[in-house]
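K.L.:
Please find one structure pasted underneath; my questions will follow.
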Amino acid sequence: MSGGGGDGGGDGGGDGARSRGEGTPNPHLMVALGVAGVTPNMLSMRRSFALLALFAVAVIAACDHSVVAPVTVANTTFVSSLGINLANYTSTADGLYYRDVTVGTGAVADTGLKLSVRYTGYLKNGVVFDSNTTATSALQFTLGRGEVVQGWDLGVKGMRVGGRRSLLIPPALGYGQSGRGSVPGNAVMVFTVNLVSIP
């Protein structure tokens, strides 16, 4: 009897081992995994896919964050008190906008000439950040020598003495991303320039 029991136990044990070896999932392992019918390999694959998805989302977010549209005159909203209508301005390939408020009758401003001007500078919200209209003397500079912002070198050229011109200068032709003094970074500047004389 004891031998028969041993054989039976041995056969039972053998049959049980063979059943699991042939691919029948261990119910205790399934409970431990917490997902009925899911194998460890499947969980590993799902984990890998989840990590790849998170990585893809991070890459897309980083790309979106790095793409920032440049500040231009065309995409800037100006306060109504400045009376700016871009349809009345001439634009250049550099992004500068200009309009002759008054066309002068005197000599023409050209590269290399020394000019005397009076001006007022505004931010897009109408705040005046600089002006010399009440100063004792006019501002003097040589056109095209980099003594003023690039927007002035480009925008004042062609004016006649006695003329008045409105300039809309993008950051790329002004003080750029860093700004200067009371002009913040990436600011479009609005200037009214009067060409007083060409000494």
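Numbering starts fresh at 1 for the residues of each chain in the structure tokens, the chains themselves are lettered A, B, ... in the order given, and ligands are numbered from 1 as they appear.
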Using only C-alpha atoms, which protein or nucleic acid residues come within 7 Å of range 157-174 of chain A? Drop anything in the same chain fewer than 3 positions from it, and give the result as a PyMOL selection string.
P.N.:
chain A and resi 71-73+95-110+149-151+153-154+177+186-197
K.L.:
Would you kindly return, as a JSON list (two decimals) with N, CA and C atoms, in the first residue's frame, each protein, DNA or RNA residue with an atom no farther than 6 Å from any atom of Lys114 in chain A, considering only C-alpha atoms and excluding same-chain residues fewer than 4 positions away?
P.N.:
```
[["chain", "number", "residue", "atom", "x", "y", "z"],
["A", 141, "PHE", "N", 24.05, 112.42, -36.30],
["A", 141, "PHE", "CA", 24.71, 111.14, -36.55],
["A", 141, "PHE", "C", 25.00, 111.01, -38.04],
["A", 142, "THR", "N", 25.95, 110.14, -38.35],
["A", 142, "THR", "CA", 26.31, 109.90, -39.76],
["A", 142, "THR", "C", 25.54, 108.69, -40.25],
["A", 198, "ILE", "N", 21.02, 118.86, -42.97],
["A", 198, "ILE", "CA", 22.18, 118.04, -43.33],
["A", 198, "ILE", "C", 23.35, 119.01, -43.31]]
```
K.L.:
Need the shell around range 77-83 of chain A: protein/DNA/RNA residues with any atom at most 8 Å away, counting only C-alpha atoms. Skip same-chain ones fewer than 5 positions apart. Format as a short mmCIF file (atom, residue, chain, number, x, y, z; two decimals) with C-alpha atoms, in the first residue's frame?
P.N.:
```
data_model
loop_
_atom_site.label_atom_id
_atom_site.label_comp_id
_atom_site.auth_asym_id
_atom_site.auth_seq_id
_atom_site.Cartn_x
_atom_site.Cartn_y
_atom_site.Cartn_z
CA LYS A 124 3.50 99.57 -29.04
CA ASN A 125 1.37 100.54 -26.01
CA GLY A 126 1.92 104.25 -26.71
#
```
K.L.:
Using DSSP on the backbone, list every residue of range 59-197 of chain A that comes out as strand (DSSP E), and give them as a ChimeraX atom specification.
P.N.:
/A:90-91,97-102,114-122,128-131,139-142,164-169,189-197
K.L.:
Write the residues of the preceding selection, restricted to C-alpha atoms, as a tab-separated table (two decimals), in the first residue's frame.
P.N.:
```
chain	number	residue	atom	x	y	z
A	90	THR	CA	5.85	100.67	-47.07
A	91	SER	CA	7.63	97.53	-45.87
A	97	TYR	CA	7.88	99.72	-42.10
A	98	TYR	CA	8.01	103.42	-42.94
A	99	ARG	CA	5.63	106.19	-43.98
A	100	ASP	CA	6.29	109.78	-44.97
A	101	VAL	CA	3.97	111.94	-42.87
A	102	THR	CA	5.42	115.06	-44.50
A	114	LYS	CA	25.84	113.79	-41.29
A	115	LEU	CA	22.23	114.43	-40.30
A	116	SER	CA	20.49	116.48	-37.62
A	117	VAL	CA	17.15	115.07	-36.47
A	118	ARG	CA	14.50	115.46	-33.82
A	119	TYR	CA	12.49	112.43	-32.84
A	120	THR	CA	10.11	110.72	-30.43
A	121	GLY	CA	10.17	106.99	-29.72
A	122	TYR	CA	7.14	104.99	-28.59
A	128	VAL	CA	7.16	107.34	-24.88
A	129	PHE	CA	10.58	105.89	-24.07
A	130	ASP	CA	12.76	108.58	-25.64
A	131	SER	CA	12.45	112.03	-27.22
A	139	LEU	CA	20.62	114.67	-32.51
A	140	GLN	CA	23.45	114.38	-35.02
A	141	PHE	CA	24.71	111.14	-36.55
A	142	THR	CA	26.31	109.90	-39.76
A	164	ARG	CA	8.77	113.90	-41.19
A	165	ARG	CA	8.73	110.09	-41.28
A	166	SER	CA	7.14	107.37	-39.16
A	167	LEU	CA	9.29	104.27	-38.61
A	168	LEU	CA	8.10	100.90	-37.26
A	169	ILE	CA	11.23	99.02	-36.27
A	189	MET	CA	9.73	100.53	-31.64
A	190	VAL	CA	7.71	103.34	-33.21
A	191	PHE	CA	9.60	106.50	-34.15
A	192	THR	CA	8.53	109.84	-35.54
A	193	VAL	CA	11.64	111.39	-37.09
A	194	ASN	CA	12.00	114.98	-38.34
A	195	LEU	CA	15.00	115.67	-40.57
A	196	VAL	CA	16.11	119.13	-39.50
A	197	SER	CA	19.24	119.62	-41.58
```
K.L.:
What is the distance between CA of Val68 in chain A and CA of Pro184 in chain A, in Å to one decimal?
P.N.:
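For CA of Val68 in chain A relative to CA of Pro184 in chain A, the distance reads 17.4 Å.
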K.L.:
If DSSP is run on the backbone, what residues of range 83-186 of chain A are helix (DSSP H, G or I)? A reply as a PyMOL selection string would be ideal.
P.N.:
chain A and resi 86-88+150-155+171-173
K.L.:
Emit the selected residues as an mmCIF file, in the first residue's frame, including C-alpha atoms.
P.N.:
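The result, stored in selection_31.cif:
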```cif
data_model
loop_
_atom_site.group_PDB
_atom_site.id
_atom_site.type_symbol
_atom_site.label_atom_id
_atom_site.label_comp_id
_atom_site.auth_asym_id
_atom_site.auth_seq_id
_atom_site.Cartn_x
_atom_site.Cartn_y
_atom_site.Cartn_z
ATOM 1 C CA LEU A 86 0.016 99.164 -41.831
ATOM 2 C CA ALA A 87 -1.813 99.524 -45.139
ATOM 3 C CA ASN A 88 -0.437 103.081 -45.293
ATOM 4 C CA GLN A 150 19.908 99.572 -37.922
ATOM 5 C CA GLY A 151 16.253 100.508 -38.327
ATOM 6 C CA TRP A 152 17.261 104.169 -38.401
ATOM 7 C CA ASP A 153 20.106 103.680 -40.869
ATOM 8 C CA LEU A 154 17.645 101.958 -43.199
ATOM 9 C CA GLY A 155 14.569 104.057 -42.468
ATOM 10 C CA PRO A 171 13.477 93.908 -32.675
ATOM 11 C CA ALA A 172 15.848 92.466 -35.279
ATOM 12 C CA LEU A 173 16.615 96.014 -36.450
#
```
K.L.:
Just how far from CA of Arg180 in chain A is CA of Gly112 in chain A, in Å to one decimal?
P.N.:
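A separation of 25.8 Å between them.
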